[in-house]
Every structure is written in C-alpha cells, then in structure tokens.
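So the structure is just underneath, and the comments pick up after that.
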Amino acid sequence: MSDSFDVIVIGGGPAGYPAAIRAGQNKLSVACIDGWQNRDGSYAFGGTCLNAGCIPSKALLESSELFHRAGHEFKVHGINLQALQMDVAAMQKRKNGIVKGMTTGIAGLLKSSGVTALQGTGQLLPGNKVHYTAPDGSVRELSAKHIVLASGSVPMALKSVPLDGERVVDSWGALDFEAVPARLGVIGAGVIGLELGSVWARLGAQVTVLEASDSFLPMADKQLAKEALKQLTKHGLDVRLGAKVSGATVSAQGVSVSYTDAAGEQQMQFDKLVVAIGRKPYTDGLLAEGTGVNLDARGFIVVDDHCRTGVPGVYAVGDCVRGPMLAHKAKEEGVMVADLIAGLYGHTNYEVIPSVIYTAPEMAWVGKTEEQARAAGLNVKTGVFPFMASGRARAMEASTGFAKIVADAGSDQVLGVHIIGPMAGELIAEAVLALEYSASCEDLQRTIHAHPTLSEAVHEAALAADKRAIDMPNR
Ligand code: FAD
Ligand code: NAD
C-alpha cells in the first residue's frame, strides 16, 4: 500500500464514508481511516449512525410499532390476535443483523469505489500528514494533498448521573436492552429520548421522560410541538417538563433519581435510566500540536460554509462541525467536500435540511416555523390540513396530526412545512424539494397528487393557505 494519497478521510460515519466514496468516484486516490469499535472489540465502518444510531433505532422503532399496533389497533380492522407476545431477543437479533449487513455493505462500497479502507485511528499532523495507528498497534505516517476530518460526536455526560452500563446507560445502551424494563426513566426529551422512550413504552415499559427545559421540542413549530406532546402522552410517554435532575443512586432494586420541578424536590424509582441530553463533537486525539485547525468554545472544529478549516487542504464535515447533528447533513457535507477537492461544484443548502422524529405519530419539518417566519418580520400565511380529512389516513386508521404550510403572504413562496402524522418522514421529501426549488404555494396547489394518498395532505395544506382547500372547510 502506498503511504501517499490525494485524499485521506479520518472517520467512516455518514460524513466520512460518502466523502471517501465520492472522492473515489472522482478518480482520486483515497484512504478512509475509521476507528469505530463494537463492544466485542471488533471494528465496523458506518460510525454512530449505522452502529448505534439511526439504523438500530429505526429497526427497534419498526418492531415495537408493529407490536403496539398488533396489540392496540388490529382489532378495529377485524384482526383478532390472541396471546400476543414480544420476543425481545428475536427483535434484537433482527436489529443486530440489519446493522451487521449495513456496516459490511459500507466496507464493500468503499472497496468497490477504490478506497483504501483502514481500520484504526488517524491523527492529523502538521503539513497534511496523518499518523495512522492500526488495530495491532503498528503505526505509519501517511500523507495526502487533502485531508477530511469526519470524527463525529459522542453523547454528553451528566456529571450527577454517571453511567454504569447496567442500570444507567446512554443511547447505545438503550438500544441493547435484553428485556423490557418495567420502569424506564429517560433524561432529556430530545429526539433520542422521544424515539427510544417510544420503543420501550410500546413494548410495555412505564416510561417517564425528565426534561430540564419548560418547553417541549423548542426547535419545532409550536403548533406541531403541542400536538406531539398530546399524542406522545396518549401513547404512554409521561413527559415532565421543567424537571432538573440533581442526582441518581443505583442499588440492587434499581435506580433512584432526584430532581426538582415547579412543585419542589422529587424522587422517582426506575429499573433502567437513559441519559439522552445531547451529543458533543468528538475530537479526542484527532489533532496533533501545531496543525492550525481550531476548535470553537463548544469543541466543534471551526469551518466556513464549504467546510474548509482555514488550513490549506484540510476540511471537516458532519457532527464534528457546526449545524444540526444529522446523518443526511453529514453526508451532504462529505459529498460537497469531495467534489470541491476534485475541482467540481459543491454546495450544501443549510437552509433546507429536513428534520424527522420517528415516533408515532411521526414528525417532520423543513424550513421556517411559523414563529421564526413571524420573528423575521415576514408577512406570513399558513395552511393546515388535518389527516382526519384524508381518505388514505382514515383507511389506514392513522388520522391523527396534520400537515402545515408556512408561506410568505406577499410572494406566495413556501417558507416551511411541518407535518405530524403517518409517514411524515417520507412526506417531507416533497416539501424539501419545494423549498430547494423556491416553490410557491401555487406550485404545490397546481401539482397533481395521486388519490387517495397521504401526500394529498400537503397539497390541501397549500390550498388551505389561500383558503381554497377542497376536502375540508376553510376558516
Ligand atoms: P459519526 O457517525 O459519529 O462517525 C464518526 C466516525 O469517526 C466514527 O466511526 C468514529 O469512531 C470515527 N472516528 C472518530 N475519531 C477518529 C479518529 N481519530 N480516527 C479514526 N476514526 C475516528 N441522524 C439522522 O439523520 N437520522 C436519524 O434517524 C438519527 N438517529 C439517531 C439515533 C441515535 C440513537 C443517535 C445516537 C444518533 C442518531 N442520528 C440520526 C444522528 C447521526 O447518527 C449522526 O448525525 C451521524 O452519525 C453523524 O455522522 P458523522 O460521520 O459526522 O459522525
Ligand atoms: P437533543 O439535543 O435533541 O435533546 C436533548 C434534550 O435534553 C433537550 O431537550 C435538552 O433540553 C435536554 N436536557 C439537557 N440537559 C438536561 C438535563 N440535565 N436534564 C434534563 N434534560 C436535559 O439531543 P439528543 O436527543 O441526545 O440527540 C442528540 C443528537 O442526535 C441530536 O442533535 C439529534 O439531531 C440527533 N438525533 C437525530 C435523530 C433523528 O434525526 N431522528 C434521532 C436521534 C438523534
């Protein structure tokens, strides 16, 4: 193997592996170094997303939703099941199989793109060099014209609630429970808390989510967040806002959590406790002295809009740089940088990054919330279409929630779309395209949507913004 490359990517998660593959497609010589280690010590490409994030969580969300629906919703379809049981070991085996298949697939993709895939750790040295340490401890100095840092993120810790890997775990631990805990506590009502809380609640756990903030999903459109809290509460999540955790004590009986809220000091007992209070950039050991790459106050690698660090030839992408910690944002940045390196056009539209929360009902949004649009001084109009009025949603017995369009009343341009309801994560793709192409409400109104489909809700919401909805009364 050569020690010199056009591009070296450090990190093989959703930011790093697409950067490496695209660089390979661009006919550059590429090495991708990834240090992800599973609990058994084995190495795997794919980073957090494939090994302990997006993919395993979605596998469990799917299994648990099917179980929940079978137990609570099938009856109305005339399907009677007796003695419904959940085999948690089988569910985990399926999830682990999906993860294994996907991570092995990434290694295959790297190979077929001509990427030299190296397991172990990489450290940036001054002068576009990388110190590579292989799993057997051997070291080599590699060099490249361009280096892409894609070292990702790790969970934030709560000093007063240390993890013990047994009773008190992080999100990775909560993906691997071998049995349904009778009482599950979750600290943090963010995306992870809601998704993983939902998994175990659907399987029968009594789930309490302790959220320090007084507001629920503050980044979401207020109307959507309000509906989400109502629906998730109905689905068994006991979300306690304004709950400031002060400590946890583990005993043979479980874990006792102390917190204060508006009513004063509180204490709760759980069998398992998940700490899900956010993630922080991971750059431990990544940068040797004198590289010139800077970190900001929160530990993110400082980059410009094109992910350039300011050091010639050194880029950084994904969770280790500013912006939402999302796999699709990471991927887009990785691809952008690989194209820029090859002298091609590369761009990431940070204004149009969709968010999806894979709970039931699902939530998804893109662009401005109504509150953000109003705060920006825009002349706002909105259109809301409830899934209750959607024939397809009714047929699916999934008619909670709505699609909401936020648009500029003057120019008619769509500013944001917010959906809570069935398949929201899929429906948002149309809205993302609409925002990417600066579509107007009229563009959406004049686009024919198949009937009966859930996507008609987006169409009708666009019509509702002009009080011209057909399938519901206009107010
Ligand atoms: P990572 O995926 O963290 O990958 C970084 C890689 O670099 C890792 O393999 C790491 O071991 C390696 N590395 C670090 N330092 C070095 C080094 N010095 N040398 C070699 N290798 C190194 N996002 C979504 O968009 N949708 C979801 O549904 C979703 N679900 C999630 C669920 C959970 C439970 C969690 C925890 C996260 C979820 N995310 C989701 C977030 C998503 O996982 C991240 O945004 C994404 O993984 C970021 O990609 P990345 O490549 O920047 O970092
Ligand atoms: P988050 O930032 O989404 O939520 C953390 C929550 O914890 C916040 O509501 C915060 O107010 C609360 N919190 C912080 N400190 C607390 C404390 N001491 N006590 C109680 N509550 C406290 O973070 P997360 O849920 O850990 O997720 C991490 C990242 O992973 C997110 O940036 C998210 O984008 C990404 N992720 C995305 C998806 C998805 O796209 N579907 C799924 C999972 C994770």
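Numbering starts fresh at 1 for the residues of each chain in the structure tokens, the chains themselves are lettered A, B, ... in the order given, and ligands are numbered from 1 as they appear.
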
(request) Residues up to 7 Å from ligand 1, counting only C-alpha atoms and all ligand atoms: could you list those as JSON, numbers by chain? (result) {"A": [10, 11, 12, 13, 14, 15, 16, 33, 34, 35, 36, 37, 45, 46, 47, 48, 49, 52, 53, 54, 55, 57, 58, 120, 121, 122, 123, 150, 151, 152, 153, 154, 171, 172, 192, 282, 283, 284, 285, 286, 317, 318, 319, 320, 325, 326, 327, 328, 330]}

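The residue set within 9 Å of Leu224 in chain A, counting only C-alpha atoms and dropping same-chain residues fewer than 5 places from it, reads Leu229, Met363, Gly401, Phe402, Lys404, His418, Ile419 and Ile420 of chain A.
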
Give me, as a tab-separated table, the closest atom pair and its distance (Å, one decimal) for every residue of chain A within a cut-off of 6 Å of ligand 2, counting only C-alpha atoms and all ligand atoms, rows sorted by chain and rising number.
```
residue	atom	partner	partner_atom_place_in_ligand_line	distance
A:Ile187	CA	ligand 2	20 (C)	4.9
A:Gly188	CA	ligand 2	7 (O)	3.3
A:Ala189	CA	ligand 2	9 (O)	4.7
A:Gly190	CA	ligand 2	4 (O)	3.1
A:Val191	CA	ligand 2	25 (O)	4.0
A:Ile192	CA	ligand 2	25 (O)	3.6
A:Gly193	CA	ligand 2	25 (O)	5.3
A:Leu210	CA	ligand 2	20 (C)	5.5
A:Glu211	CA	ligand 2	21 (N)	3.9
A:Ala212	CA	ligand 2	20 (C)	3.9
A:Ser213	CA	ligand 2	11 (O)	5.0
A:Lys244	CA	ligand 2	19 (N)	5.3
A:Val245	CA	ligand 2	19 (N)	5.4
A:Ala276	CA	ligand 2	26 (O)	4.1
A:Ile277	CA	ligand 2	7 (O)	3.5
A:Gly278	CA	ligand 2	26 (O)	3.2
A:Arg279	CA	ligand 2	28 (C)	4.7
A:Pro324	CA	ligand 2	34 (O)	5.8
A:Met325	CA	ligand 2	32 (O)	4.4
A:Leu326	CA	ligand 2	34 (O)	5.2
A:Ser355	CA	ligand 2	40 (O)	5.9
A:Val356	CA	ligand 2	41 (N)	5.0
A:Ile357	CA	ligand 2	41 (N)	4.3
A:Tyr358	CA	ligand 2	41 (N)	5.7
```

(message) DSSP on the backbone: which residues in range 188-409 of chain A end up as helix (DSSP H, G or I)? Give the answer as a PyMOL selection string.
(response) chain A and resi 191-202+222-234+318-320+327-341+370-375+387-389+391-395

(request) Return the single residue from A:Thr260, A:Gln223, A:Asn80, A:Ser198 that is closest to Leu241 in chain A, with distances computed using only C-alpha atoms. (result)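 Distance minimum relative to Leu241 in chain A lands on A:Thr260.
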
(message) So that I can see what lies close to Arg240 in chain A, please list as an MDAnalysis selection string the residues with an atom at most 8 Å from it, counting only C-alpha atoms and leaving out residues fewer than 2 positions away in the same chain.
(response) chainID A and resid 208:211 238 242:243

Store the residues of this selection in a file with N, CA, C and O atoms, as an mmCIF file, in the first residue's frame.
```cif
data_model
loop_
_atom_site.group_PDB
_atom_site.id
_atom_site.type_symbol
_atom_site.label_atom_id
_atom_site.label_comp_id
_atom_site.auth_asym_id
_atom_site.auth_seq_id
_atom_site.Cartn_x
_atom_site.Cartn_y
_atom_site.Cartn_z
ATOM 1 N N THR A 208 -40.956 7.422 31.867
ATOM 2 C CA THR A 208 -41.020 8.817 32.328
ATOM 3 C C THR A 208 -39.848 9.567 31.713
ATOM 4 O O THR A 208 -38.707 9.112 31.804
ATOM 5 N N VAL A 209 -40.150 10.677 31.078
ATOM 6 C CA VAL A 209 -39.092 11.477 30.453
ATOM 7 C C VAL A 209 -38.936 12.771 31.242
ATOM 8 O O VAL A 209 -39.891 13.535 31.382
ATOM 9 N N LEU A 210 -37.736 12.971 31.780
ATOM 10 C CA LEU A 210 -37.465 14.166 32.585
ATOM 11 C C LEU A 210 -36.727 15.183 31.735
ATOM 12 O O LEU A 210 -35.606 14.927 31.282
ATOM 13 N N GLU A 211 -37.365 16.302 31.488
ATOM 14 C CA GLU A 211 -36.798 17.324 30.607
ATOM 15 C C GLU A 211 -36.559 18.600 31.398
ATOM 16 O O GLU A 211 -37.485 19.125 32.017
ATOM 17 N N ASP A 238 -44.708 9.655 29.730
ATOM 18 C CA ASP A 238 -45.005 10.634 30.775
ATOM 19 C C ASP A 238 -43.881 11.682 30.724
ATOM 20 O O ASP A 238 -42.812 11.483 31.295
ATOM 21 N N GLY A 242 -39.532 20.966 32.787
ATOM 22 C CA GLY A 242 -39.006 21.755 33.907
ATOM 23 C C GLY A 242 -38.460 20.884 35.019
ATOM 24 O O GLY A 242 -38.410 21.298 36.179
ATOM 25 N N ALA A 243 -38.042 19.658 34.676
ATOM 26 C CA ALA A 243 -37.544 18.716 35.692
ATOM 27 C C ALA A 243 -36.018 18.726 35.674
ATOM 28 O O ALA A 243 -35.398 18.236 34.730
#
```

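Proximity of A:Cys32, A:Ala201, A:Ala461, A:Val207 to Ala389 in chain A, computed with only C-alpha atoms, is greatest for A:Ala461.
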
Taking the DSSP assignment computed from this structure's backbone, write out as a PDB file with N, CA and C atoms, in the first residue's frame all residues of range 50-122 of chain A that belong to strand (DSSP E or B).
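Output (result_39.pdb):
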```
ATOM      1  N   VAL A 115     -11.459   2.803  -2.652  1.00  0.00           N
ATOM      2  CA  VAL A 115     -10.950   3.458  -1.432  1.00  0.00           C
ATOM      3  C   VAL A 115     -10.135   2.450  -0.611  1.00  0.00           C
ATOM      4  N   THR A 116      -8.983   2.892  -0.127  1.00  0.00           N
ATOM      5  CA  THR A 116      -8.208   2.063   0.798  1.00  0.00           C
ATOM      6  C   THR A 116      -8.833   2.238   2.179  1.00  0.00           C
ATOM      7  N   ALA A 117      -9.536   1.213   2.639  1.00  0.00           N
ATOM      8  CA  ALA A 117     -10.257   1.303   3.913  1.00  0.00           C
ATOM      9  C   ALA A 117      -9.355   0.794   5.029  1.00  0.00           C
ATOM     10  N   LEU A 118      -9.082   1.675   5.982  1.00  0.00           N
ATOM     11  CA  LEU A 118      -8.167   1.318   7.069  1.00  0.00           C
ATOM     12  C   LEU A 118      -8.889   1.394   8.398  1.00  0.00           C
ATOM     13  N   GLN A 119      -8.831   0.323   9.160  1.00  0.00           N
ATOM     14  CA  GLN A 119      -9.412   0.402  10.493  1.00  0.00           C
ATOM     15  C   GLN A 119      -8.334   0.783  11.487  1.00  0.00           C
ATOM     16  N   THR A 121      -6.963   4.267  14.130  1.00  0.00           N
ATOM     17  CA  THR A 121      -7.184   5.701  14.360  1.00  0.00           C
ATOM     18  C   THR A 121      -6.232   6.562  13.539  1.00  0.00           C
ATOM     19  N   GLY A 122      -6.726   7.733  13.228  1.00  0.00           N
ATOM     20  CA  GLY A 122      -5.917   8.683  12.474  1.00  0.00           C
ATOM     21  C   GLY A 122      -5.754   9.955  13.281  1.00  0.00           C
TER      22      GLY A 122
END
```

(request) Find the residue from A:Ala409, A:Pro473, A:Ser390, A:Ala44 that sits nearest to His451 in chain A; use only C-alpha atoms when measuring. (result) A:Ser390

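Proximity to Gln269 in chain A at 12 Å, evaluated using only C-alpha atoms and with sequence-adjacent residues fewer than 5 positions away removed, yields Arg167, Pro181, Ala182, Arg183, Leu184, Gly185, Val186, Gln206, Val207, Thr208, Ala248, Thr249, Val250, Ser251, Ala252, Gln253, Gly254, Val255, Ser256, Val257, Ser258 and Tyr259 of chain A.
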
Could you make a table, as a Markdown table, of the residues of range 201-250 of chain A that have an atom within 12 Å of an atom of range 65-78 of chain A, each with its nearest atom pair and distance in Å to one decimal, counting only C-alpha atoms, in chain and number order?
```
| residue | atom | partner | partner_atom | distance |
| --- | --- | --- | --- | --- |
| A:Ala201 | CA | A:His68 | CA | 9.1 |
| A:Arg202 | CA | A:His68 | CA | 5.4 |
| A:Leu203 | CA | A:His68 | CA | 6.9 |
| A:Gly204 | CA | A:His68 | CA | 8.8 |
| A:Ala205 | CA | A:His68 | CA | 11.8 |
| A:His235 | CA | A:His68 | CA | 9.7 |
| A:Gly236 | CA | A:His68 | CA | 11.2 |
```
